[in-house]
$ cat final32.cif   # mmCIF, C-alpha atoms
data_upload
#
loop_
_atom_site.label_atom_id
_atom_site.label_comp_id
_atom_site.auth_asym_id
_atom_site.auth_seq_id
_atom_site.Cartn_x
_atom_site.Cartn_y
_atom_site.Cartn_z
CA MET A 12 -4.89 24.21 -9.08
CA ALA A 13 -1.45 25.41 -8.00
CA THR A 14 -2.73 25.72 -4.43
CA VAL A 15 -4.19 22.20 -4.22
CA ARG A 16 -2.40 19.90 -1.79
CA ALA A 17 -2.32 16.12 -2.30
CA THR A 18 -1.49 13.73 0.52
CA ARG A 19 -2.23 10.16 1.53
CA VAL A 20 -4.56 9.46 4.43
CA ASP A 21 -6.17 6.30 5.80
CA TYR A 22 -9.82 7.01 6.59
CA TYR A 23 -10.18 3.53 8.05
CA ARG A 24 -7.69 4.23 10.85
CA GLN A 25 -6.88 7.94 11.15
CA HIS A 26 -9.48 9.11 13.65
CA ASP A 27 -7.63 11.39 16.08
CA VAL A 28 -7.67 15.16 15.78
CA ASP A 29 -3.98 15.67 16.55
CA THR A 30 -2.83 13.51 13.64
CA TRP A 31 -5.11 15.33 11.21
CA THR A 32 -4.01 18.70 12.58
CA ASP A 33 -0.32 17.88 12.20
CA GLN A 34 -0.77 16.38 8.74
CA LEU A 35 -2.72 19.36 7.39
CA GLY A 36 -0.46 21.86 9.16
CA SER A 37 2.69 20.22 7.80
CA LEU A 38 1.36 20.87 4.28
CA GLY A 39 0.91 24.54 5.08
CA VAL A 40 -2.86 24.20 4.73
CA GLU A 41 -4.49 26.53 7.23
CA GLY A 42 -6.24 29.84 7.51
CA GLU A 43 -9.42 31.27 6.03
CA ASP A 44 -8.40 30.54 2.42
CA ALA A 45 -8.12 26.80 3.12
CA VAL A 46 -11.04 24.59 1.99
CA PHE A 47 -11.54 20.91 2.81
CA VAL A 48 -13.74 18.99 0.33
CA ASN A 49 -14.68 15.65 1.87
CA LEU A 50 -15.81 13.20 -0.83
CA ALA A 51 -14.91 10.03 1.06
CA ALA A 52 -17.67 7.47 1.57
CA VAL A 53 -18.14 3.75 2.03
CA ALA A 54 -21.68 2.56 1.29
CA GLY A 55 -21.26 -1.14 2.04
CA PRO A 56 -19.20 -3.64 4.02
CA VAL A 57 -15.44 -3.88 3.40
CA ALA A 58 -13.77 -7.25 3.76
CA GLY A 59 -11.40 -7.38 6.72
CA ILE A 60 -12.55 -4.07 8.24
CA GLN A 61 -15.28 -4.61 10.80
CA ASP A 62 -16.64 -1.08 11.17
CA ALA A 63 -15.65 0.41 7.82
CA MET A 64 -18.79 2.47 7.25
CA MET A 65 -18.56 4.19 10.64
CA ASP A 66 -14.80 4.70 10.25
CA VAL A 67 -14.95 6.37 6.84
CA ASN A 68 -18.32 8.13 7.02
CA TYR A 69 -18.15 9.46 10.57
CA ARG A 70 -15.01 9.00 12.66
CA ALA A 71 -12.39 10.15 10.13
CA PRO A 72 -14.26 13.16 8.71
CA LEU A 73 -15.27 14.34 12.18
CA ALA A 74 -11.64 14.27 13.34
CA ALA A 75 -10.55 16.02 10.13
CA ALA A 76 -13.22 18.70 10.53
CA ARG A 77 -12.20 19.42 14.10
CA ALA A 78 -8.59 19.71 12.92
CA ALA A 79 -9.68 22.06 10.12
CA GLU A 80 -11.57 24.18 12.62
CA ALA A 81 -8.52 24.35 14.90
CA LEU A 82 -6.41 25.47 11.92
CA GLY A 83 -8.86 28.24 11.05
CA PHE A 84 -10.07 26.77 7.74
CA GLY A 85 -12.44 28.98 5.79
CA HIS A 86 -14.79 26.25 4.57
CA TRP A 87 -15.65 22.55 4.91
CA ILE A 88 -17.67 20.86 2.14
CA GLN A 89 -19.34 17.58 3.02
CA SER A 90 -20.69 15.13 0.46
CA SER A 91 -23.57 13.42 2.19
CA THR A 92 -26.48 11.31 0.99
CA GLN A 93 -30.25 11.46 0.68
CA ALA A 94 -30.20 8.16 2.54
CA THR A 95 -29.91 10.20 5.76
CA ASN A 96 -33.44 11.46 5.08
CA ALA A 97 -34.87 8.23 3.72
CA GLU A 98 -33.76 5.86 6.50
CA ARG A 99 -35.70 6.97 9.52
CA PHE A 100 -34.69 4.63 12.33
CA GLY A 101 -30.88 4.64 12.25
CA GLN A 102 -30.69 0.91 11.47
CA VAL A 103 -28.69 1.14 8.23
CA PRO A 104 -24.97 1.63 9.06
CA TYR A 105 -24.22 3.78 6.00
CA SER A 106 -26.98 6.33 6.47
CA ARG A 107 -26.58 6.35 10.26
CA ALA A 108 -22.87 7.24 10.03
CA LYS A 109 -23.47 9.91 7.39
CA ALA A 110 -26.31 11.44 9.43
CA MET A 111 -24.12 11.56 12.52
CA ALA A 112 -21.37 13.34 10.57
CA ASP A 113 -23.85 15.85 9.12
CA TYR A 114 -25.23 16.62 12.56
CA ALA A 115 -21.76 17.15 14.06
CA LEU A 116 -20.58 19.33 11.17
CA ALA A 117 -23.69 21.51 11.18
CA ARG A 118 -22.98 22.40 14.80
CA ALA A 119 -19.38 23.53 14.18
CA LYS A 120 -18.88 26.82 16.01
CA THR A 121 -16.33 28.61 13.82
CA LEU A 122 -15.99 26.44 10.70
CA PRO A 123 -18.25 27.40 7.76
CA VAL A 124 -19.87 24.20 6.46
CA SER A 125 -21.74 23.29 3.27
CA ILE A 126 -23.45 19.90 3.02
CA ALA A 127 -24.39 18.49 -0.38
CA CYS A 128 -26.90 15.73 0.28
CA LEU A 129 -26.41 13.68 -2.89
CA GLY A 130 -28.92 11.35 -4.47
CA LEU A 131 -28.07 8.33 -6.60
CA LEU A 132 -25.33 9.24 -9.10
CA TYR A 133 -24.92 7.87 -12.61
CA SER A 134 -22.49 8.46 -15.47
CA LYS A 135 -23.78 9.16 -18.97
CA ASP A 136 -20.33 8.41 -20.40
CA ASP A 137 -19.89 5.00 -18.81
CA GLY A 138 -23.54 4.05 -18.49
CA LEU A 139 -23.07 3.10 -14.84
CA ILE A 140 -24.96 3.78 -11.63
CA GLY A 141 -23.13 4.64 -8.43
CA GLN A 142 -19.48 3.71 -8.04
CA GLN A 143 -17.17 3.46 -11.06
CA ARG A 144 -15.92 -0.01 -11.78
CA LYS A 145 -12.26 -0.72 -11.22
CA ASN A 146 -12.45 -3.45 -13.84
CA GLU A 147 -15.03 -5.31 -15.88
CA SER A 148 -15.27 -8.19 -13.42
CA LEU A 149 -17.34 -6.14 -10.99
CA VAL A 150 -21.13 -6.04 -11.17
CA ASN A 151 -22.86 -2.67 -11.30
CA LEU A 152 -26.44 -1.96 -10.23
CA ILE A 153 -27.34 -1.16 -13.83
CA ASP A 154 -26.49 -4.74 -14.85
CA LEU A 155 -29.86 -5.81 -13.43
CA ALA A 156 -31.42 -4.06 -16.44
CA LEU A 157 -29.46 -6.34 -18.78
CA LEU A 158 -30.88 -9.59 -17.41
CA PRO A 159 -33.53 -11.51 -19.40
CA LEU A 160 -35.75 -11.03 -16.34
CA THR A 161 -34.98 -7.97 -14.21
CA PRO A 162 -35.89 -8.42 -10.52
CA ILE A 163 -37.75 -5.43 -9.05
CA MET A 164 -37.92 -5.59 -5.28
CA GLY A 165 -41.31 -4.85 -3.76
CA ASP A 166 -43.79 -2.90 -5.83
CA GLY A 167 -40.98 -0.86 -7.40
CA SER A 168 -42.43 2.43 -6.19
CA ALA A 169 -39.59 3.60 -3.91
CA PRO A 170 -38.65 7.07 -5.25
CA LEU A 171 -35.17 7.87 -6.55
CA GLN A 172 -33.75 11.15 -7.87
CA PRO A 173 -30.75 10.13 -10.01
CA GLN A 174 -28.22 12.81 -10.86
CA GLU A 175 -25.59 12.83 -13.60
CA VAL A 176 -22.18 12.84 -11.94
CA VAL A 177 -20.88 15.84 -13.93
CA ASP A 178 -23.80 17.96 -12.68
CA ALA A 179 -22.84 17.04 -9.14
CA SER A 180 -19.10 17.51 -9.53
CA ILE A 181 -19.20 20.99 -11.07
CA ARG A 182 -21.51 22.22 -8.32
CA ILE A 183 -19.31 20.79 -5.58
CA ALA A 184 -16.35 22.52 -7.21
CA TYR A 185 -18.39 25.73 -7.27
CA LEU A 186 -19.05 25.39 -3.53
CA ALA A 187 -15.29 25.18 -2.96
CA LEU A 188 -14.67 28.40 -4.88
CA THR A 189 -17.39 30.53 -3.32
CA GLU A 190 -18.11 32.12 0.03
CA PRO A 191 -20.92 30.22 1.83
CA ARG A 192 -22.60 33.41 3.04
CA ASP A 193 -22.88 34.66 -0.54
CA ARG A 194 -24.77 31.59 -1.72
CA PRO A 195 -28.53 31.01 -1.42
CA ARG A 196 -29.78 29.04 1.55
CA GLN A 197 -32.17 26.12 1.15
CA PHE A 198 -34.96 26.48 3.69
CA ARG A 199 -35.70 23.55 5.98
CA ASP A 200 -38.72 23.72 8.24
CA PRO A 201 -37.80 22.65 11.80
CA LYS A 202 -41.47 21.83 12.44
CA THR A 203 -41.47 19.01 9.88
CA ASP A 204 -37.78 18.36 9.19
CA ARG A 205 -35.99 15.98 11.57
CA PHE A 206 -32.53 17.25 10.63
CA ALA A 207 -33.46 20.93 11.02
CA LYS A 208 -35.15 20.18 14.32
CA SER A 209 -32.10 18.35 15.70
CA ILE A 210 -29.77 21.23 14.88
CA CYS A 211 -32.18 23.84 16.23
CA ALA A 212 -30.49 26.86 14.63
CA PHE A 213 -28.18 27.26 11.67
CA SER A 214 -25.25 29.62 11.72
CA ASP A 215 -24.91 32.31 9.09
CA SER A 216 -22.22 30.32 7.31
CA PHE A 217 -24.01 26.95 7.22
CA ARG A 218 -25.50 25.78 3.92
CA TYR A 219 -27.38 22.58 3.16
CA TYR A 220 -28.51 21.45 -0.31
CA ASP A 221 -30.66 18.62 -1.60
CA ALA A 222 -28.09 17.67 -4.25
CA VAL A 223 -30.43 15.49 -6.28
CA GLY A 224 -31.43 15.13 -9.91
CA PRO A 225 -34.26 17.08 -11.56
CA GLU A 226 -36.73 14.19 -11.85
CA THR A 227 -38.24 11.74 -9.39
CA MET A 228 -38.78 8.18 -10.53
CA SER A 229 -39.17 4.67 -9.20
CA ILE A 230 -36.37 2.13 -9.45
CA LEU A 231 -38.54 0.36 -12.03
CA ASP A 232 -38.66 3.46 -14.25
CA MET A 233 -34.96 4.13 -13.75
CA LEU A 234 -33.85 0.62 -14.72
CA GLU A 235 -36.11 0.72 -17.77
CA LYS A 236 -34.48 3.97 -18.91
CA PHE A 237 -31.02 2.51 -18.43
CA ALA A 238 -32.02 -0.68 -20.25
CA ARG A 239 -33.04 1.38 -23.30
CA ALA A 240 -29.83 3.41 -23.10
CA GLN A 241 -27.80 0.19 -23.10
CA GLY A 242 -29.67 -1.20 -26.11
CA ASN A 243 -31.84 -3.69 -24.23
CA ALA A 244 -35.16 -3.52 -26.10
CA ASN A 245 -36.56 -6.54 -24.22
CA PHE A 246 -36.68 -5.17 -20.70
CA ARG A 247 -38.86 -7.54 -18.62
CA PRO A 248 -39.36 -6.43 -15.01
CA VAL A 249 -40.39 -9.09 -12.50
CA HIS A 250 -41.61 -8.10 -9.05
CA ILE A 251 -40.17 -10.06 -6.13
CA GLY A 252 -40.02 -9.70 -2.37
CA TYR A 253 -37.07 -8.31 -0.46
CA ARG A 254 -36.30 -11.33 1.70
CA ASN A 255 -34.37 -13.60 -0.66
CA MET A 256 -32.33 -10.70 -2.07
CA GLU A 257 -31.50 -9.60 1.48
CA ARG A 258 -30.44 -13.17 2.38
CA VAL A 259 -28.01 -13.17 -0.54
CA LEU A 260 -26.58 -9.74 0.24
CA ASN A 261 -26.31 -10.52 3.94
CA VAL A 262 -23.59 -12.98 2.92
CA LYS A 263 -21.80 -10.80 0.37
CA SER A 264 -22.49 -7.64 -1.60
CA LEU A 265 -22.76 -8.11 -5.36
CA GLY A 266 -20.69 -5.26 -6.78
CA ASN A 267 -22.40 -2.05 -5.66
CA LEU A 268 -25.68 -3.82 -4.99
CA ASN A 269 -25.55 -4.20 -1.22
CA ARG A 270 -27.81 -4.68 1.78
CA GLN A 271 -27.65 -0.98 2.62
CA PHE A 272 -29.24 -0.01 -0.69
CA VAL A 273 -31.92 -2.70 -0.46
CA SER A 274 -32.81 -1.67 3.11
CA LEU A 275 -33.20 1.94 2.01
CA LEU A 276 -35.49 0.92 -0.86
CA ARG A 277 -37.63 -1.07 1.55
CA SER A 278 -37.75 1.86 3.97
CA GLU A 279 -39.01 4.24 1.29
CA GLN A 280 -41.52 1.76 -0.14
CA ASP A 281 -43.03 1.20 3.30
CA ALA A 282 -43.12 4.91 4.18
CA LYS A 283 -46.49 6.67 4.17
CA ASN A 284 -44.79 9.88 2.99
CA PRO A 285 -41.49 9.09 1.22
CA ILE A 286 -38.81 11.78 1.47
CA ILE A 287 -38.35 13.71 -1.78
CA GLY A 288 -35.44 16.13 -2.14
CA ASP A 289 -35.99 19.58 -3.60
CA PRO A 290 -33.27 20.31 -6.21
CA THR A 291 -34.40 23.90 -6.91
CA VAL A 292 -31.63 25.70 -5.03
CA TRP A 293 -28.97 23.14 -6.00
CA GLU A 294 -29.85 23.57 -9.68
CA SER A 295 -29.79 27.37 -9.47
CA LEU A 296 -26.38 27.69 -7.79
CA MET A 297 -24.52 28.47 -11.02
CA GLY A 298 -27.17 30.60 -12.66
CA PRO A 299 -30.41 30.05 -14.59
CA HIS A 300 -28.81 28.64 -17.74
CA LEU A 301 -26.94 25.68 -16.27
CA LYS A 302 -29.75 23.20 -15.67
CA LEU A 303 -29.55 19.72 -14.22
CA VAL A 304 -29.76 17.16 -17.02
CA ARG A 305 -32.56 14.60 -17.19
CA ILE A 306 -31.68 10.95 -17.87
CA ASP A 307 -33.24 10.80 -21.34
CA ASP A 308 -31.52 14.03 -22.37
CA ALA A 309 -28.20 12.88 -20.93
CA PHE A 310 -28.13 9.74 -23.04
CA ALA A 311 -29.60 11.42 -26.13
CA ALA A 312 -26.73 13.91 -26.10
CA ASN A 313 -24.24 11.08 -25.65
CA ILE A 314 -25.82 8.48 -27.92
CA SER A 315 -23.08 8.41 -30.55
CA LYS A 316 -20.47 7.45 -27.96
CA LEU A 317 -22.67 4.69 -26.59
CA GLU A 318 -23.41 3.37 -30.09
CA ARG A 319 -19.70 3.06 -30.88
CA ARG A 320 -19.14 0.97 -27.78
CA LYS A 321 -19.65 -2.80 -27.87
CA ALA A 322 -23.08 -3.68 -26.51
CA ARG A 323 -22.88 -4.66 -22.86
CA THR A 324 -24.33 -7.86 -21.49
CA PHE A 325 -24.86 -9.09 -17.96
CA PRO A 326 -21.53 -10.30 -16.49
CA TYR A 327 -22.62 -13.91 -15.94
CA TRP A 328 -19.11 -15.32 -15.61
CA SER A 329 -18.12 -12.73 -13.01
CA THR A 330 -21.28 -13.52 -11.05
CA ILE A 331 -20.55 -17.25 -11.13
CA GLN A 332 -17.00 -16.60 -9.90
CA TRP A 333 -18.42 -14.38 -7.14
CA ALA A 334 -20.75 -17.20 -6.06
CA LEU A 335 -17.93 -19.78 -6.07
CA ARG A 336 -15.79 -17.48 -3.91
CA ASN A 337 -18.72 -17.03 -1.53
CA PRO A 338 -20.47 -20.44 -1.46
CA LYS A 339 -22.91 -19.39 1.27
CA VAL A 340 -24.72 -17.23 -1.32
CA ILE A 341 -25.59 -20.27 -3.46
CA ARG A 342 -28.57 -21.53 -1.43
CA PRO A 343 -30.33 -18.14 -1.07
CA GLY A 344 -29.30 -17.38 -4.65
CA LEU A 345 -31.16 -20.46 -5.89
CA ASP A 346 -34.18 -19.44 -3.81
CA LEU A 347 -34.01 -15.98 -5.37
CA SER A 348 -33.83 -17.44 -8.89
CA ARG A 349 -36.80 -19.70 -8.16
CA GLU A 350 -38.78 -16.72 -6.87
CA ILE A 351 -38.03 -14.68 -10.02
CA LEU A 352 -39.14 -17.50 -12.32
CA THR A 353 -42.26 -18.24 -10.27
CA SER A 354 -43.27 -14.59 -10.28
CA TYR A 355 -42.69 -14.28 -14.03
CA PHE A 356 -44.66 -17.39 -15.03
CA THR A 357 -47.47 -17.17 -12.47
CA GLY A 358 -47.64 -13.47 -11.60
CA VAL A 359 -47.79 -14.45 -7.93
CA CYS A 360 -45.28 -13.08 -5.43
CA ASN A 361 -44.94 -11.84 -1.87
CA LEU A 362 -43.70 -8.24 -2.07
CA ASN A 363 -42.37 -8.17 1.51
#
$ encode --input "final32.cif" --output "structure tokens"
Amino acid sequence: MATVRATRVDYYRQHDVDTWTDQLGSLGVEGEDAVFVNLAAVAGPVAGIQDAMMDVNYRAPLAAARAAEALGFGHWIQSSTQATNAERFGQVPYSRAKAMADYALARAKTLPVSIACLGLLYSKDDGLIGQQRKNESLVNLIDLALLPLTPIMGDGSAPLQPQEVVDASIRIAYLALTEPRDRPRQFRDPKTDRFAKSICAFSDSFRYYDAVGPETMSILDMLEKFARAQGNANFRPVHIGYRNMERVLNVKSLGNLNRQFVSLLRSEQDAKNPIIGDPTVWESLMGPHLKLVRIDDAFAANISKLERRKARTFPYWSTIQWALRNPKVIRPGLDLSREILTSYFTGVCNLN
């Protein structure tokens, strides 16, 4: 850790190569022993910043990578997302920006690049999905499993491959400490793989990994598992369409439940052949004994810590405050509530 350099940078605005080059060079970070680990990402809209997802997911890292290449860096590690595979038409800003960055990085001429294409992350310690809360007033995706009636968009079949965040973090650290050429390569068939086809040929020092969890499940199965882990023995899933939820989230994201995520779920549900990542190589990176943990095993090993914690409930008050701050969500929110109740009591719903 003595060689790690810490510095402040604004991914929303720092998009020119010269600034990145001078900032990195002024820290004495250059040469083949230098490694840049890019973990920055914005998965939803940011208030007051019009093009935040393109700024953070594409423009800033591309400028930084070109600066790293000019400074002779020995390795660039990119945290990407399985959403780049799932969203096929480039209509979701998050996945489009990440896919553009992956494409540009994979074609770097002299900079060795490793891309970890992450699936949905969760924390067994905090019992949260995706981003860590800054405080208890924010709503997390897992909170849907704590509702008396849990809305499941569409038929609930869209596949997810959740990964425990520690499994992901230790493997990304391993990438930073190893020579790309010495690590196994995950094969991608250019005949069937859009990403492989677009790049045409990989350099010797390029590595790509499906950095996903060891099991594939629907969002329905995942929320049920998290409900049990949080002590909710009365999990009641209710199938609804996408439209009313999208109308709400078009106005304002609810914590880390945003329009990007809903659009990706819809894309995978409607796909004839949903994209499934292959975690075999990712799991084997650190040897045969360090396996990726399954959700049930993760919480079973951590059950005593969860039992000591006060049982969580859905953050109703925070949600009410969110609605009052964003009054345009109230009308579609009432329509969404009506749809959930109608579906529960009648079993009739439009899944589109």
$ resolve_selection --input "final32.cif" --expression "the PyMOL selection byres ((chain A and resi 175) around 12)" --output "ChimeraX atom specification"
/A:129-141,172-174,176-182,222-226,302-310
$ closest_residue --input "final32.cif" --among "A:Leu116, A:Leu231, A:Leu301, A:Ile153" --to "Ser216 (chain A)" --atoms "all atoms listed in the file"
A:Leu116
$ residues_near_point --input "final32.cif" --point "(-42.7, -6.7, -6.7)" --cutoff "6 Å" --atoms "only C-alpha atoms" --output "VMD selection string"
chain A and resid 163 to 166 250 to 252 362
$ closest_residue --input "final32.cif" --among "A:Ser295, A:Gln102, A:Thr189, A:Thr161" --to "Ala45 (chain A)" --atoms "all atoms listed in the file"
A:Thr189
$ residues_around --input "final32.cif" --residues "Val48 (chain A)" --least-positions-apart "2" --cutoff "7 Å" --atoms "all atoms listed in the file" --output "list in words"
Val46, Leu50, Trp87, Ile88 and Gln89 of chain A
$ resolve_selection --input "final32.cif" --expression "the PyMOL selection byres ((chain A and resi 330) around 12)" --output "list in words"
Glu147, Ser148, Leu149, Val150, Asn151, Asp154, Leu155, Lys263, Ser264, Leu265, Gly266, Phe325, Pro326, Tyr327, Trp328, Ser329, Ile331, Gln332, Trp333, Ala334, Leu335, Arg336, Asn337, Pro338, Val340, Ile341 and Gly344 of chain A
$ resolve_selection --input "final32.cif" --expression "the PyMOL selection byres ((chain A and resi 36) around 12)" --output "PDB file with C-alpha atoms, keeping the file's coordinate frame"
ATOM      1  CA  ARG A  16      -2.400  19.900  -1.790  1.00  0.00           C
ATOM      2  CA  THR A  18      -1.490  13.730   0.520  1.00  0.00           C
ATOM      3  CA  VAL A  28      -7.670  15.160  15.780  1.00  0.00           C
ATOM      4  CA  ASP A  29      -3.980  15.670  16.550  1.00  0.00           C
ATOM      5  CA  THR A  30      -2.830  13.510  13.640  1.00  0.00           C
ATOM      6  CA  TRP A  31      -5.110  15.330  11.210  1.00  0.00           C
ATOM      7  CA  THR A  32      -4.010  18.700  12.580  1.00  0.00           C
ATOM      8  CA  ASP A  33      -0.320  17.880  12.200  1.00  0.00           C
ATOM      9  CA  GLN A  34      -0.770  16.380   8.740  1.00  0.00           C
ATOM     10  CA  LEU A  35      -2.720  19.360   7.390  1.00  0.00           C
ATOM     11  CA  SER A  37       2.690  20.220   7.800  1.00  0.00           C
ATOM     12  CA  LEU A  38       1.360  20.870   4.280  1.00  0.00           C
ATOM     13  CA  GLY A  39       0.910  24.540   5.080  1.00  0.00           C
ATOM     14  CA  VAL A  40      -2.860  24.200   4.730  1.00  0.00           C
ATOM     15  CA  GLU A  41      -4.490  26.530   7.230  1.00  0.00           C
ATOM     16  CA  GLY A  42      -6.240  29.840   7.510  1.00  0.00           C
ATOM     17  CA  ALA A  45      -8.120  26.800   3.120  1.00  0.00           C
ATOM     18  CA  ALA A  75     -10.550  16.020  10.130  1.00  0.00           C
ATOM     19  CA  ALA A  78      -8.590  19.710  12.920  1.00  0.00           C
ATOM     20  CA  ALA A  79      -9.680  22.060  10.120  1.00  0.00           C
ATOM     21  CA  GLU A  80     -11.570  24.180  12.620  1.00  0.00           C
ATOM     22  CA  ALA A  81      -8.520  24.350  14.900  1.00  0.00           C
ATOM     23  CA  LEU A  82      -6.410  25.470  11.920  1.00  0.00           C
ATOM     24  CA  GLY A  83      -8.860  28.240  11.050  1.00  0.00           C
ATOM     25  CA  PHE A  84     -10.070  26.770   7.740  1.00  0.00           C
TER      26      PHE A  84
END
$ atom_distance --input "final32.cif" --atom1 "CA of Val57 (chain A)" --atom2 "CA of Asp27 (chain A)"
21.3 Å
$ closest_residue --input "final32.cif" --among "A:Thr92, A:Asn267, A:Ser106, A:Gln61" --to "Tyr219 (chain A)" --atoms "all atoms listed in the file"
A:Thr92
